[in-house]
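Text of upload_2.cif (mmCIF, C-alpha atoms) as supplied:
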```cif
data_my_file
#
loop_
_atom_site.group_PDB
_atom_site.id
_atom_site.type_symbol
_atom_site.label_atom_id
_atom_site.label_comp_id
_atom_site.auth_asym_id
_atom_site.auth_seq_id
_atom_site.Cartn_x
_atom_site.Cartn_y
_atom_site.Cartn_z
ATOM 1 C CA MET A 1 -26.175 22.162 -6.944
ATOM 2 C CA ARG A 2 -23.145 19.887 -6.698
ATOM 3 C CA LEU A 3 -25.253 17.134 -5.145
ATOM 4 C CA ALA A 4 -27.830 17.517 -7.886
ATOM 5 C CA PHE A 5 -25.123 17.231 -10.523
ATOM 6 C CA LEU A 6 -23.693 14.077 -8.934
ATOM 7 C CA ALA A 7 -27.154 12.562 -8.633
ATOM 8 C CA GLY A 8 -27.804 13.282 -12.307
ATOM 9 C CA ALA A 9 -24.496 11.748 -13.323
ATOM 10 C CA LEU A 10 -25.231 8.658 -11.231
ATOM 11 C CA ILE A 11 -28.667 8.252 -12.824
ATOM 12 C CA ALA A 12 -27.102 8.568 -16.282
ATOM 13 C CA TYR A 13 -24.474 5.971 -15.432
ATOM 14 C CA VAL A 14 -26.763 3.326 -13.936
ATOM 15 C CA PRO A 15 -28.243 2.059 -17.269
ATOM 16 C CA PHE A 16 -24.766 1.614 -18.717
ATOM 17 C CA ALA A 17 -23.488 -0.172 -15.600
ATOM 18 C CA ALA A 18 -26.510 -2.470 -15.555
ATOM 19 C CA GLN A 19 -26.120 -3.169 -19.257
ATOM 20 C CA ALA A 20 -22.459 -4.052 -18.841
ATOM 21 C CA ALA A 21 -23.194 -6.351 -15.897
ATOM 22 C CA GLY A 22 -25.577 -8.434 -18.006
ATOM 23 C CA TYR A 23 -23.529 -8.332 -21.189
ATOM 24 C CA PRO A 24 -23.970 -10.173 -23.470
ATOM 25 C CA GLU A 25 -27.695 -10.849 -23.565
ATOM 26 C CA ARG A 26 -28.289 -11.049 -27.314
ATOM 27 C CA PRO A 27 -26.342 -11.867 -30.505
ATOM 28 C CA ILE A 28 -23.145 -9.964 -31.249
ATOM 29 C CA ARG A 29 -22.072 -8.932 -34.734
ATOM 30 C CA ILE A 30 -18.419 -8.713 -35.797
ATOM 31 C CA VAL A 31 -18.165 -6.555 -38.916
ATOM 32 C CA THR A 32 -15.181 -7.225 -41.167
ATOM 33 C CA PRO A 33 -13.952 -4.689 -43.764
ATOM 34 C CA PHE A 34 -13.166 -7.209 -46.495
ATOM 35 C CA PRO A 35 -14.889 -10.187 -48.201
ATOM 36 C CA ALA A 36 -15.287 -13.752 -46.997
ATOM 37 C CA GLY A 37 -11.990 -15.576 -47.360
ATOM 38 C CA SER A 38 -9.934 -12.433 -46.705
ATOM 39 C CA VAL A 39 -7.424 -12.114 -43.882
ATOM 40 C CA THR A 40 -9.858 -10.119 -41.738
ATOM 41 C CA ASP A 41 -12.378 -12.920 -42.229
ATOM 42 C CA LEU A 42 -9.781 -15.459 -41.100
ATOM 43 C CA VAL A 43 -9.129 -13.306 -38.041
ATOM 44 C CA ALA A 44 -12.806 -12.916 -37.157
ATOM 45 C CA ARG A 45 -14.235 -16.422 -37.491
ATOM 46 C CA PRO A 46 -12.174 -18.300 -34.868
ATOM 47 C CA LEU A 47 -12.844 -15.480 -32.398
ATOM 48 C CA ALA A 48 -16.573 -15.524 -33.147
ATOM 49 C CA ALA A 49 -16.659 -19.279 -32.543
ATOM 50 C CA LYS A 50 -14.813 -19.016 -29.232
ATOM 51 C CA LEU A 51 -17.022 -16.178 -27.952
ATOM 52 C CA THR A 52 -20.124 -18.134 -28.954
ATOM 53 C CA ASP A 53 -18.898 -21.160 -27.015
ATOM 54 C CA ALA A 54 -17.905 -19.109 -23.982
ATOM 55 C CA TRP A 55 -21.105 -17.109 -23.646
ATOM 56 C CA GLY A 56 -23.748 -19.291 -25.274
ATOM 57 C CA ILE A 57 -24.681 -16.272 -27.378
ATOM 58 C CA ASN A 58 -24.471 -16.274 -31.165
ATOM 59 C CA VAL A 59 -21.561 -14.196 -32.411
ATOM 60 C CA ILE A 60 -21.834 -13.739 -36.171
ATOM 61 C CA VAL A 61 -19.359 -12.441 -38.740
ATOM 62 C CA ASP A 62 -20.737 -9.808 -41.116
ATOM 63 C CA ASN A 63 -18.536 -9.117 -44.163
ATOM 64 C CA ARG A 64 -19.007 -5.539 -45.368
ATOM 65 C CA PRO A 65 -16.316 -4.783 -47.979
ATOM 66 C CA GLY A 66 -15.933 -1.490 -49.774
ATOM 67 C CA ALA A 67 -14.003 1.796 -49.869
ATOM 68 C CA GLY A 68 -10.801 0.235 -48.567
ATOM 69 C CA GLY A 69 -12.515 -0.831 -45.355
ATOM 70 C CA ASN A 70 -14.340 2.422 -44.728
ATOM 71 C CA VAL A 71 -17.797 0.904 -45.308
ATOM 72 C CA ALA A 72 -17.351 -1.438 -42.353
ATOM 73 C CA GLY A 73 -15.704 1.287 -40.308
ATOM 74 C CA ASP A 74 -18.635 3.619 -40.853
ATOM 75 C CA ILE A 75 -21.160 0.950 -39.826
ATOM 76 C CA VAL A 76 -19.402 0.311 -36.525
ATOM 77 C CA ALA A 77 -18.564 3.964 -35.847
ATOM 78 C CA LYS A 78 -22.262 4.873 -36.075
ATOM 79 C CA SER A 79 -23.585 1.847 -34.198
ATOM 80 C CA ALA A 80 -24.962 1.987 -30.662
ATOM 81 C CA PRO A 81 -22.152 2.036 -28.067
ATOM 82 C CA ASP A 82 -23.263 -1.169 -26.381
ATOM 83 C CA GLY A 83 -20.729 -3.816 -27.448
ATOM 84 C CA TYR A 84 -23.109 -5.671 -29.755
ATOM 85 C CA THR A 85 -21.532 -4.367 -32.969
ATOM 86 C CA LEU A 86 -17.786 -4.912 -33.191
ATOM 87 C CA MET A 87 -15.214 -4.429 -35.944
ATOM 88 C CA ILE A 88 -12.083 -6.230 -37.003
ATOM 89 C CA GLY A 89 -9.984 -3.117 -37.373
ATOM 90 C CA SER A 90 -6.845 -3.151 -39.479
ATOM 91 C CA THR A 91 -4.022 -1.025 -40.818
ATOM 92 C CA GLY A 92 -6.015 0.510 -43.695
ATOM 93 C CA PRO A 93 -9.360 1.639 -42.290
ATOM 94 C CA ASN A 94 -7.992 2.422 -38.829
ATOM 95 C CA ALA A 95 -4.612 4.041 -39.524
ATOM 96 C CA VAL A 96 -3.845 4.665 -43.197
ATOM 97 C CA ASN A 97 -7.031 5.687 -45.019
ATOM 98 C CA VAL A 98 -7.437 8.952 -43.144
ATOM 99 C CA SER A 99 -4.145 10.181 -44.660
ATOM 100 C CA LEU A 100 -4.693 8.543 -48.034
ATOM 101 C CA MET A 101 -8.254 9.561 -48.884
ATOM 102 C CA LYS A 102 -9.679 13.043 -49.386
ATOM 103 C CA THR A 103 -12.752 12.400 -47.232
ATOM 104 C CA MET A 104 -13.558 9.943 -44.456
ATOM 105 C CA PRO A 105 -17.011 8.981 -43.145
ATOM 106 C CA TYR A 106 -15.727 8.766 -39.558
ATOM 107 C CA ASP A 107 -13.016 10.162 -37.299
ATOM 108 C CA THR A 108 -10.378 7.436 -37.178
ATOM 109 C CA LEU A 109 -9.089 8.259 -33.692
ATOM 110 C CA ARG A 110 -12.345 9.282 -32.001
ATOM 111 C CA ALA A 111 -15.048 7.045 -33.435
ATOM 112 C CA PHE A 112 -13.910 3.773 -31.881
ATOM 113 C CA ALA A 113 -13.216 2.153 -28.541
ATOM 114 C CA PRO A 114 -10.174 -0.141 -28.954
ATOM 115 C CA ILE A 115 -10.604 -3.504 -27.222
ATOM 116 C CA SER A 116 -7.599 -5.640 -28.148
ATOM 117 C CA LEU A 117 -4.974 -6.196 -30.774
ATOM 118 C CA VAL A 118 -5.503 -9.791 -31.946
ATOM 119 C CA ALA A 119 -3.081 -10.577 -34.778
ATOM 120 C CA THR A 120 -0.134 -9.295 -36.764
ATOM 121 C CA THR A 121 1.631 -10.434 -39.899
ATOM 122 C CA TYR A 122 4.688 -9.345 -41.830
ATOM 123 C CA LEU A 123 5.796 -9.171 -45.446
ATOM 124 C CA MET A 124 8.654 -10.873 -47.262
ATOM 125 C CA LEU A 125 11.198 -8.864 -49.222
ATOM 126 C CA VAL A 126 11.687 -11.024 -52.309
ATOM 127 C CA VAL A 127 13.629 -10.444 -55.520
ATOM 128 C CA HIS A 128 13.852 -12.155 -58.884
ATOM 129 C CA PRO A 129 16.692 -14.728 -58.831
ATOM 130 C CA GLY A 130 18.376 -12.874 -61.656
ATOM 131 C CA THR A 131 18.758 -9.775 -59.479
ATOM 132 C CA PRO A 132 22.381 -9.473 -58.271
ATOM 133 C CA ALA A 133 21.307 -8.717 -54.698
ATOM 134 C CA LYS A 134 21.868 -11.583 -52.258
ATOM 135 C CA SER A 135 21.122 -9.511 -49.139
ATOM 136 C CA VAL A 136 19.406 -6.309 -48.056
ATOM 137 C CA GLY A 137 22.810 -4.606 -48.054
ATOM 138 C CA ASP A 138 23.349 -5.714 -51.645
ATOM 139 C CA LEU A 139 19.903 -4.426 -52.602
ATOM 140 C CA ILE A 140 20.548 -1.025 -51.065
ATOM 141 C CA ALA A 141 23.902 -0.772 -52.857
ATOM 142 C CA LEU A 142 22.253 -1.800 -56.132
ATOM 143 C CA ALA A 143 19.448 0.729 -55.706
ATOM 144 C CA LYS A 144 21.955 3.498 -55.011
ATOM 145 C CA ALA A 145 23.971 2.505 -58.070
ATOM 146 C CA ARG A 146 20.824 2.540 -60.188
ATOM 147 C CA PRO A 147 18.679 5.349 -58.740
ATOM 148 C CA GLY A 148 15.092 5.257 -59.988
ATOM 149 C CA GLN A 149 15.626 2.048 -61.986
ATOM 150 C CA LEU A 150 14.684 -0.823 -59.665
ATOM 151 C CA THR A 151 10.970 -1.621 -59.714
ATOM 152 C CA TYR A 152 8.774 -3.121 -57.024
ATOM 153 C CA GLY A 153 5.176 -4.269 -57.292
ATOM 154 C CA SER A 154 2.213 -3.917 -54.977
ATOM 155 C CA SER A 155 -1.528 -4.501 -54.915
ATOM 156 C CA GLY A 156 -2.218 -0.794 -55.391
ATOM 157 C CA ASN A 157 -1.406 2.756 -54.296
ATOM 158 C CA GLY A 158 -1.504 3.020 -50.523
ATOM 159 C CA ALA A 159 -1.730 -0.754 -50.011
ATOM 160 C CA THR A 160 0.505 -2.284 -47.355
ATOM 161 C CA PRO A 161 3.128 -3.605 -49.833
ATOM 162 C CA HIS A 162 3.357 -0.122 -51.380
ATOM 163 C CA LEU A 163 3.811 1.513 -47.979
ATOM 164 C CA ALA A 164 6.436 -1.109 -47.148
ATOM 165 C CA GLY A 165 8.397 -0.119 -50.242
ATOM 166 C CA GLU A 166 8.113 3.592 -49.539
ATOM 167 C CA LEU A 167 9.181 3.083 -45.935
ATOM 168 C CA PHE A 168 12.168 1.054 -47.086
ATOM 169 C CA SER A 169 13.168 3.689 -49.661
ATOM 170 C CA SER A 170 12.852 6.470 -47.102
ATOM 171 C CA MET A 171 14.813 4.725 -44.357
ATOM 172 C CA ALA A 172 17.480 3.245 -46.667
ATOM 173 C CA GLY A 173 17.950 6.456 -48.635
ATOM 174 C CA VAL A 174 17.208 4.930 -52.028
ATOM 175 C CA ARG A 175 14.829 5.689 -54.897
ATOM 176 C CA MET A 176 12.846 2.898 -56.543
ATOM 177 C CA ILE A 177 9.886 2.809 -58.934
ATOM 178 C CA HIS A 178 6.538 1.609 -57.618
ATOM 179 C CA VAL A 179 4.433 -0.504 -59.999
ATOM 180 C CA PRO A 180 0.819 -0.796 -58.733
ATOM 181 C CA TYR A 181 -1.338 -3.752 -59.751
ATOM 182 C CA LYS A 182 -5.094 -4.162 -59.589
ATOM 183 C CA GLY A 183 -4.925 -7.279 -57.504
ATOM 184 C CA GLY A 184 -3.351 -9.052 -54.601
ATOM 185 C CA SER A 185 0.056 -10.557 -54.147
ATOM 186 C CA PRO A 186 -0.354 -13.325 -56.782
ATOM 187 C CA ALA A 187 -0.789 -10.704 -59.525
ATOM 188 C CA TYR A 188 2.549 -8.997 -59.036
ATOM 189 C CA THR A 189 4.283 -12.173 -57.876
ATOM 190 C CA ILE A 190 3.749 -13.583 -61.381
ATOM 191 C CA ASP A 191 5.473 -10.564 -62.929
ATOM 192 C CA LEU A 192 8.258 -10.807 -60.374
ATOM 193 C CA ILE A 193 8.833 -14.472 -61.211
ATOM 194 C CA SER A 194 8.951 -13.623 -64.910
ATOM 195 C CA GLY A 195 11.403 -10.789 -64.298
ATOM 196 C CA ARG A 196 9.138 -7.928 -65.390
ATOM 197 C CA ILE A 197 9.736 -6.271 -62.018
ATOM 198 C CA ASP A 198 12.756 -6.550 -59.715
ATOM 199 C CA LEU A 199 11.365 -7.023 -56.232
ATOM 200 C CA ALA A 200 8.320 -6.945 -53.978
ATOM 201 C CA PHE A 201 7.255 -6.786 -50.372
ATOM 202 C CA ALA A 202 4.955 -9.759 -50.683
ATOM 203 C CA SER A 203 2.491 -11.575 -48.432
ATOM 204 C CA ILE A 204 3.721 -14.722 -46.732
ATOM 205 C CA LEU A 205 1.438 -17.451 -48.070
ATOM 206 C CA PRO A 206 1.639 -16.690 -51.812
ATOM 207 C CA SER A 207 5.409 -16.280 -51.570
ATOM 208 C CA ILE A 208 6.453 -19.432 -49.719
ATOM 209 C CA PRO A 209 5.986 -21.950 -52.584
ATOM 210 C CA HIS A 210 7.972 -19.750 -54.982
ATOM 211 C CA ILE A 211 10.742 -19.217 -52.445
ATOM 212 C CA LYS A 212 11.035 -22.954 -51.792
ATOM 213 C CA SER A 213 11.061 -23.716 -55.514
ATOM 214 C CA GLY A 214 13.787 -21.140 -56.165
ATOM 215 C CA LYS A 215 11.615 -18.937 -58.365
ATOM 216 C CA LEU A 216 12.016 -16.096 -55.865
ATOM 217 C CA ARG A 217 14.898 -15.183 -53.566
ATOM 218 C CA LEU A 218 13.983 -14.166 -50.013
ATOM 219 C CA LEU A 219 16.243 -11.457 -48.610
ATOM 220 C CA ALA A 220 14.515 -10.512 -45.358
ATOM 221 C CA VAL A 221 11.218 -10.198 -43.493
ATOM 222 C CA SER A 222 9.586 -6.892 -42.599
ATOM 223 C CA GLY A 223 8.639 -7.431 -38.938
ATOM 224 C CA THR A 224 10.569 -6.886 -35.741
ATOM 225 C CA LYS A 225 11.246 -10.616 -35.307
ATOM 226 C CA ARG A 226 12.322 -13.377 -37.666
ATOM 227 C CA GLY A 227 9.521 -15.511 -39.038
ATOM 228 C CA SER A 228 8.876 -19.106 -38.013
ATOM 229 C CA GLU A 229 8.747 -20.231 -41.665
ATOM 230 C CA PHE A 230 12.359 -19.199 -42.387
ATOM 231 C CA PRO A 231 14.084 -18.673 -39.007
ATOM 232 C CA ASP A 232 17.500 -18.208 -40.609
ATOM 233 C CA VAL A 233 16.303 -15.259 -42.707
ATOM 234 C CA PRO A 234 16.967 -11.906 -41.007
ATOM 235 C CA THR A 235 14.642 -8.975 -40.544
ATOM 236 C CA ILE A 236 15.127 -5.860 -42.638
ATOM 237 C CA SER A 237 15.919 -3.987 -39.428
ATOM 238 C CA GLU A 238 18.886 -6.229 -38.591
ATOM 239 C CA SER A 239 20.064 -6.214 -42.210
ATOM 240 C CA GLY A 240 21.069 -2.594 -42.587
ATOM 241 C CA VAL A 241 17.875 -0.593 -42.025
ATOM 242 C CA PRO A 242 17.696 -0.249 -38.212
ATOM 243 C CA GLY A 243 14.205 0.335 -36.852
ATOM 244 C CA TYR A 244 12.391 -0.824 -39.967
ATOM 245 C CA ASP A 245 9.032 -2.290 -38.963
ATOM 246 C CA MET A 246 6.259 -3.023 -41.445
ATOM 247 C CA ARG A 247 3.533 -5.260 -40.062
ATOM 248 C CA SER A 248 -0.105 -5.524 -40.959
ATOM 249 C CA TRP A 249 -2.210 -5.713 -37.820
ATOM 250 C CA TYR A 250 -5.743 -6.635 -36.842
ATOM 251 C CA GLY A 251 -7.731 -5.876 -33.722
ATOM 252 C CA VAL A 252 -11.220 -5.699 -32.272
ATOM 253 C CA LEU A 253 -12.943 -2.355 -31.751
ATOM 254 C CA ALA A 254 -16.381 -1.145 -30.686
ATOM 255 C CA SER A 255 -17.963 2.253 -31.188
ATOM 256 C CA ALA A 256 -16.797 5.098 -28.950
ATOM 257 C CA GLY A 257 -18.719 5.368 -25.701
ATOM 258 C CA THR A 258 -19.056 1.632 -25.136
ATOM 259 C CA PRO A 259 -19.059 1.073 -21.325
ATOM 260 C CA GLN A 260 -15.673 0.213 -19.872
ATOM 261 C CA PRO A 261 -16.962 -2.917 -18.079
ATOM 262 C CA THR A 262 -18.176 -4.244 -21.435
ATOM 263 C CA ILE A 263 -14.822 -3.497 -23.056
ATOM 264 C CA ALA A 264 -13.030 -5.199 -20.162
ATOM 265 C CA LYS A 265 -15.233 -8.286 -20.454
ATOM 266 C CA LEU A 266 -14.598 -8.521 -24.190
ATOM 267 C CA ASN A 267 -10.867 -8.008 -23.692
ATOM 268 C CA THR A 268 -10.660 -10.804 -21.141
ATOM 269 C CA GLU A 269 -12.575 -13.286 -23.285
ATOM 270 C CA LEU A 270 -10.612 -12.394 -26.418
ATOM 271 C CA GLY A 271 -7.400 -12.973 -24.482
ATOM 272 C CA ARG A 272 -8.621 -16.430 -23.514
ATOM 273 C CA ALA A 273 -9.552 -17.232 -27.105
ATOM 274 C CA LEU A 274 -6.213 -16.058 -28.487
ATOM 275 C CA ALA A 275 -4.363 -18.293 -26.020
ATOM 276 C CA GLN A 276 -6.064 -21.430 -27.356
ATOM 277 C CA PRO A 277 -3.798 -23.678 -29.471
ATOM 278 C CA ASP A 278 -6.439 -24.218 -32.161
ATOM 279 C CA VAL A 279 -6.917 -20.472 -32.670
ATOM 280 C CA ARG A 280 -3.167 -19.895 -32.820
ATOM 281 C CA SER A 281 -2.875 -22.750 -35.311
ATOM 282 C CA GLN A 282 -5.656 -21.376 -37.512
ATOM 283 C CA TYR A 283 -3.985 -17.980 -37.492
ATOM 284 C CA ALA A 284 -0.581 -19.477 -38.282
ATOM 285 C CA SER A 285 -2.085 -21.254 -41.302
ATOM 286 C CA GLY A 286 -2.855 -17.808 -42.704
ATOM 287 C CA GLY A 287 0.552 -16.341 -41.877
ATOM 288 C CA LEU A 288 -0.758 -14.590 -38.759
ATOM 289 C CA VAL A 289 0.664 -14.374 -35.249
ATOM 290 C CA ALA A 290 -1.976 -14.312 -32.493
ATOM 291 C CA THR A 291 -1.333 -11.258 -30.328
ATOM 292 C CA SER A 292 -3.347 -9.845 -27.433
ATOM 293 C CA SER A 293 -3.144 -6.498 -25.649
ATOM 294 C CA THR A 294 -4.908 -4.257 -23.174
ATOM 295 C CA PRO A 295 -7.394 -1.702 -24.551
ATOM 296 C CA ALA A 296 -5.046 1.124 -23.541
ATOM 297 C CA ALA A 297 -2.047 -0.448 -25.251
ATOM 298 C CA PHE A 298 -4.084 -1.051 -28.409
ATOM 299 C CA ASP A 299 -5.222 2.573 -28.402
ATOM 300 C CA GLN A 300 -1.624 3.784 -28.129
ATOM 301 C CA PHE A 301 -0.587 1.397 -30.894
ATOM 302 C CA ILE A 302 -3.261 2.724 -33.278
ATOM 303 C CA ARG A 303 -2.252 6.312 -32.584
ATOM 304 C CA ALA A 304 1.410 5.521 -33.239
ATOM 305 C CA GLU A 305 0.491 3.786 -36.517
ATOM 306 C CA HIS A 306 -1.681 6.745 -37.530
ATOM 307 C CA GLU A 307 1.196 9.170 -36.978
ATOM 308 C CA LYS A 308 3.777 6.927 -38.650
ATOM 309 C CA TRP A 309 1.835 6.465 -41.886
ATOM 310 C CA ALA A 310 0.574 10.043 -42.012
ATOM 311 C CA LYS A 311 4.176 11.273 -42.137
ATOM 312 C CA LEU A 312 5.212 8.763 -44.794
ATOM 313 C CA ILE A 313 2.156 9.306 -47.016
ATOM 314 C CA LYS A 314 2.648 13.069 -46.904
ATOM 315 C CA SER A 315 6.393 12.964 -47.584
ATOM 316 C CA ALA A 316 6.009 10.449 -50.425
ATOM 317 C CA GLY A 317 2.973 12.205 -51.915
ATOM 318 C CA ILE A 318 0.917 9.000 -51.994
ATOM 319 C CA GLU A 319 -2.709 9.250 -53.116
ATOM 320 C CA ALA A 320 -5.433 6.647 -53.489
ATOM 321 C CA HIS A 321 -6.342 6.009 -57.140
#
```
Would you put the structure from the file into structure tokens?
Amino acid sequence: MRLAFLAGALIAYVPFAAQAAGYPERPIRIVTPFPAGSVTDLVARPLAAKLTDAWGINVIVDNRPGAGGNVAGDIVAKSAPDGYTLMIGSTGPNAVNVSLMKTMPYDTLRAFAPISLVATTYLMLVVHPGTPAKSVGDLIALAKARPGQLTYGSSGNGATPHLAGELFSSMAGVRMIHVPYKGGSPAYTIDLISGRIDLAFASILPSIPHIKSGKLRLLAVSGTKRGSEFPDVPTISESGVPGYDMRSWYGVLASAGTPQPTIAKLNTELGRALAQPDVRSQYASGGLVATSSTPAAFDQFIRAEHEKWAKLIKSAGIEAH
């Protein structure tokens, strides 16, 4: 009976092994959770071009926005596990939404096969120039002196800038008022410049011109390392909130069950692409840092992010509106 079982398992494995050996043999689709021109689109297109060049197989980008990224996630989660339908996963659909939304169309931690982390970016903690705070320490002292009075803007409940603010409040022991907007960073940056709100955890690109012009004051960056744009500006972690780390991340995933040889082949080629100067330059133009990883490391990273944001969302009582 044992021999029969092993023979059956071998027969079941052979098609997958053969498929992986010949992969890829037809066009590959990279599904992105947000529209053309979005950050996930910027992440996907250089990779698609490099894979096309490397394999001589068309790799196309398919933008499928909706439901905070869940539309794209559902498409990939329910696709055939063969490596021909991939996803640019990101913080929302692959770590945050499951704790933020009442229902999910897929199991965040079981529906996907992580392939590689490909990019990260950080936020900038900026304040209106009229705000007395000249440093993170000053801001914390000001927030403690005025509990529940300082306001910070974001692109919506549960969005990365909102989570950044809640994480800061939790770790710094302060209480601030969140002001959600129905748009991206430019929407609340305008109100910050005018003084209608006090501060924001804003995206890099929309913030830089206003920082350089003096319309906004940059106190710190939210990642674990200082940014290349302003190397003299400290991280929040080194400015009085040890361990603070708020980065948006992007990576490539396939559906669960995709053969390991296929995942390994994709991981290797993505690593080559991410090492190319032109890809790194394109990413840098969008405020991104090209970052590669093993599939196992990416899986562990996603699980850690899932746990981190689940705790914060529950403790802060955040809900999607």
Residues picked by the PyMOL selection byres ((chain A and resi 25) around 10) here, as an MDAnalysis selection string?
chainID A and resid 19:24 26:28 55:58 84
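The nearest approach to A:Ile193 among the residues A:Gly271, A:Pro65, A:Pro259, A:Gly130, with only C-alpha atoms taken into account, belongs to A:Gly130.
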Give me the residues near A:Ala164 as a VMD selection string, where near means some atom within 9 Å (using all atoms listed in the file) and where sequence neighbours in that chain fewer than 2 positions away do not count.
chain A and resid 123 159 to 162 166 to 169 201 222 245 to 247
The PyMOL selection byres ((chain A and resi 126) around 8) resolved against shown file, as a ChimeraX atom specification:
/A:124-125,127-128,199-202,216-220
Would you write out, as a list in words, every residue that the PyMOL selection byres ((chain A and resi 117) around 7) captures in this file?
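Selection result, ordered by chain and number: Ser116, Val118, Ala119, Tyr250, Gly251, Val252, Thr291, Ser292, Ser293 and Phe298 of chain A.
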Put the listed atoms of stretch 279-292 of chain A in a box along x, y and z with 6 Å added on every side and give me the centre and edge lengths in Å to one decimal, as JSON.
```
{"center_x": -3.1, "center_y": -16.3, "center_z": -35.1, "size_x": 19.6, "size_y": 24.9, "size_z": 27.3}
```
Nearest to A:Ala49 among A:Lys215, A:Arg110, A:Arg196, A:Arg29, with distances taken over all atoms listed in the file: which residue is it?
A:Arg29
For A:Gly148, find every residue with an atom within 12 Å (counting all atoms listed in the file), except residues of its own chain fewer than 2 positions away, and show them as an MDAnalysis selection string.
chainID A and resid 142:146 150:152 169 173:178
What does the distance between atom CA of A:Ile30 and atom CA of A:Leu205 come to in Å, to one decimal place?
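Straight-line distance from atom CA of A:Ile30 to atom CA of A:Leu205 works out to 24.9 Å.
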May I have the residues within 10 Å of A:Gly257 as a PyMOL selection string, using only C-alpha atoms and disregarding those fewer than 5 positions away in the same chain?
chain A and resi 16+80-83+110-113
Taking the point (-13.6, -4.0, -44.5) as given in the file, collect each protein or nucleic acid residue that comes within 10 Å of it, counting only C-alpha atoms, and present the set as a PyMOL selection string.
chain A and resi 31-35+38+40-41+62-74+87-90+92-93
Only C-alpha atoms, please: the residues just picked out, written as an mmCIF file, in the frame of the given file.
```
data_model
loop_
_atom_site.group_PDB
_atom_site.id
_atom_site.type_symbol
_atom_site.label_atom_id
_atom_site.label_comp_id
_atom_site.auth_asym_id
_atom_site.auth_seq_id
_atom_site.Cartn_x
_atom_site.Cartn_y
_atom_site.Cartn_z
ATOM 1 C CA VAL A 31 -18.165 -6.555 -38.916
ATOM 2 C CA THR A 32 -15.181 -7.225 -41.167
ATOM 3 C CA PRO A 33 -13.952 -4.689 -43.764
ATOM 4 C CA PHE A 34 -13.166 -7.209 -46.495
ATOM 5 C CA PRO A 35 -14.889 -10.187 -48.201
ATOM 6 C CA SER A 38 -9.934 -12.433 -46.705
ATOM 7 C CA THR A 40 -9.858 -10.119 -41.738
ATOM 8 C CA ASP A 41 -12.378 -12.920 -42.229
ATOM 9 C CA ASP A 62 -20.737 -9.808 -41.116
ATOM 10 C CA ASN A 63 -18.536 -9.117 -44.163
ATOM 11 C CA ARG A 64 -19.007 -5.539 -45.368
ATOM 12 C CA PRO A 65 -16.316 -4.783 -47.979
ATOM 13 C CA GLY A 66 -15.933 -1.490 -49.774
ATOM 14 C CA ALA A 67 -14.003 1.796 -49.869
ATOM 15 C CA GLY A 68 -10.801 0.235 -48.567
ATOM 16 C CA GLY A 69 -12.515 -0.831 -45.355
ATOM 17 C CA ASN A 70 -14.340 2.422 -44.728
ATOM 18 C CA VAL A 71 -17.797 0.904 -45.308
ATOM 19 C CA ALA A 72 -17.351 -1.438 -42.353
ATOM 20 C CA GLY A 73 -15.704 1.287 -40.308
ATOM 21 C CA ASP A 74 -18.635 3.619 -40.853
ATOM 22 C CA MET A 87 -15.214 -4.429 -35.944
ATOM 23 C CA ILE A 88 -12.083 -6.230 -37.003
ATOM 24 C CA GLY A 89 -9.984 -3.117 -37.373
ATOM 25 C CA SER A 90 -6.845 -3.151 -39.479
ATOM 26 C CA GLY A 92 -6.015 0.510 -43.695
ATOM 27 C CA PRO A 93 -9.360 1.639 -42.290
#
```
Here is a test: counting all atoms listed in the file, which residue of A:Asn267, A:Thr121, A:Ser315, A:Ser154 is nearest to A:Ile204?
A:Thr121
Pick out the closest residue to A:Ser285 from this set: A:Leu139, A:Ala320, A:Leu42, A:Ala297. Count all atoms listed in the file.
A:Leu42
Shortest interatomic distance to A:Pro114 - which of A:Lys182, A:Arg272, A:Arg303, A:Arg280, counting all atoms listed in the file
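Of the candidates, the smallest distance to A:Pro114 is held by A:Arg303.
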Enter the distance from atom CA of A:Gly286 to atom CA of A:Ile75, in Å, rounded to one decimal.
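Atom-to-atom, atom CA of A:Gly286 to atom CA of A:Ile75, that is 26.4 Å.
Coordinates place atom CA of A:Gly317 at a distance of 12.4 Å from atom CA of A:Ser170.
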Residue nearest A:Gln149 among A:Val179, A:Ala310, A:Ala304, A:Ala264 (counting only C-alpha atoms)
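That would be A:Val179, the residue with the smallest distance to A:Gln149.
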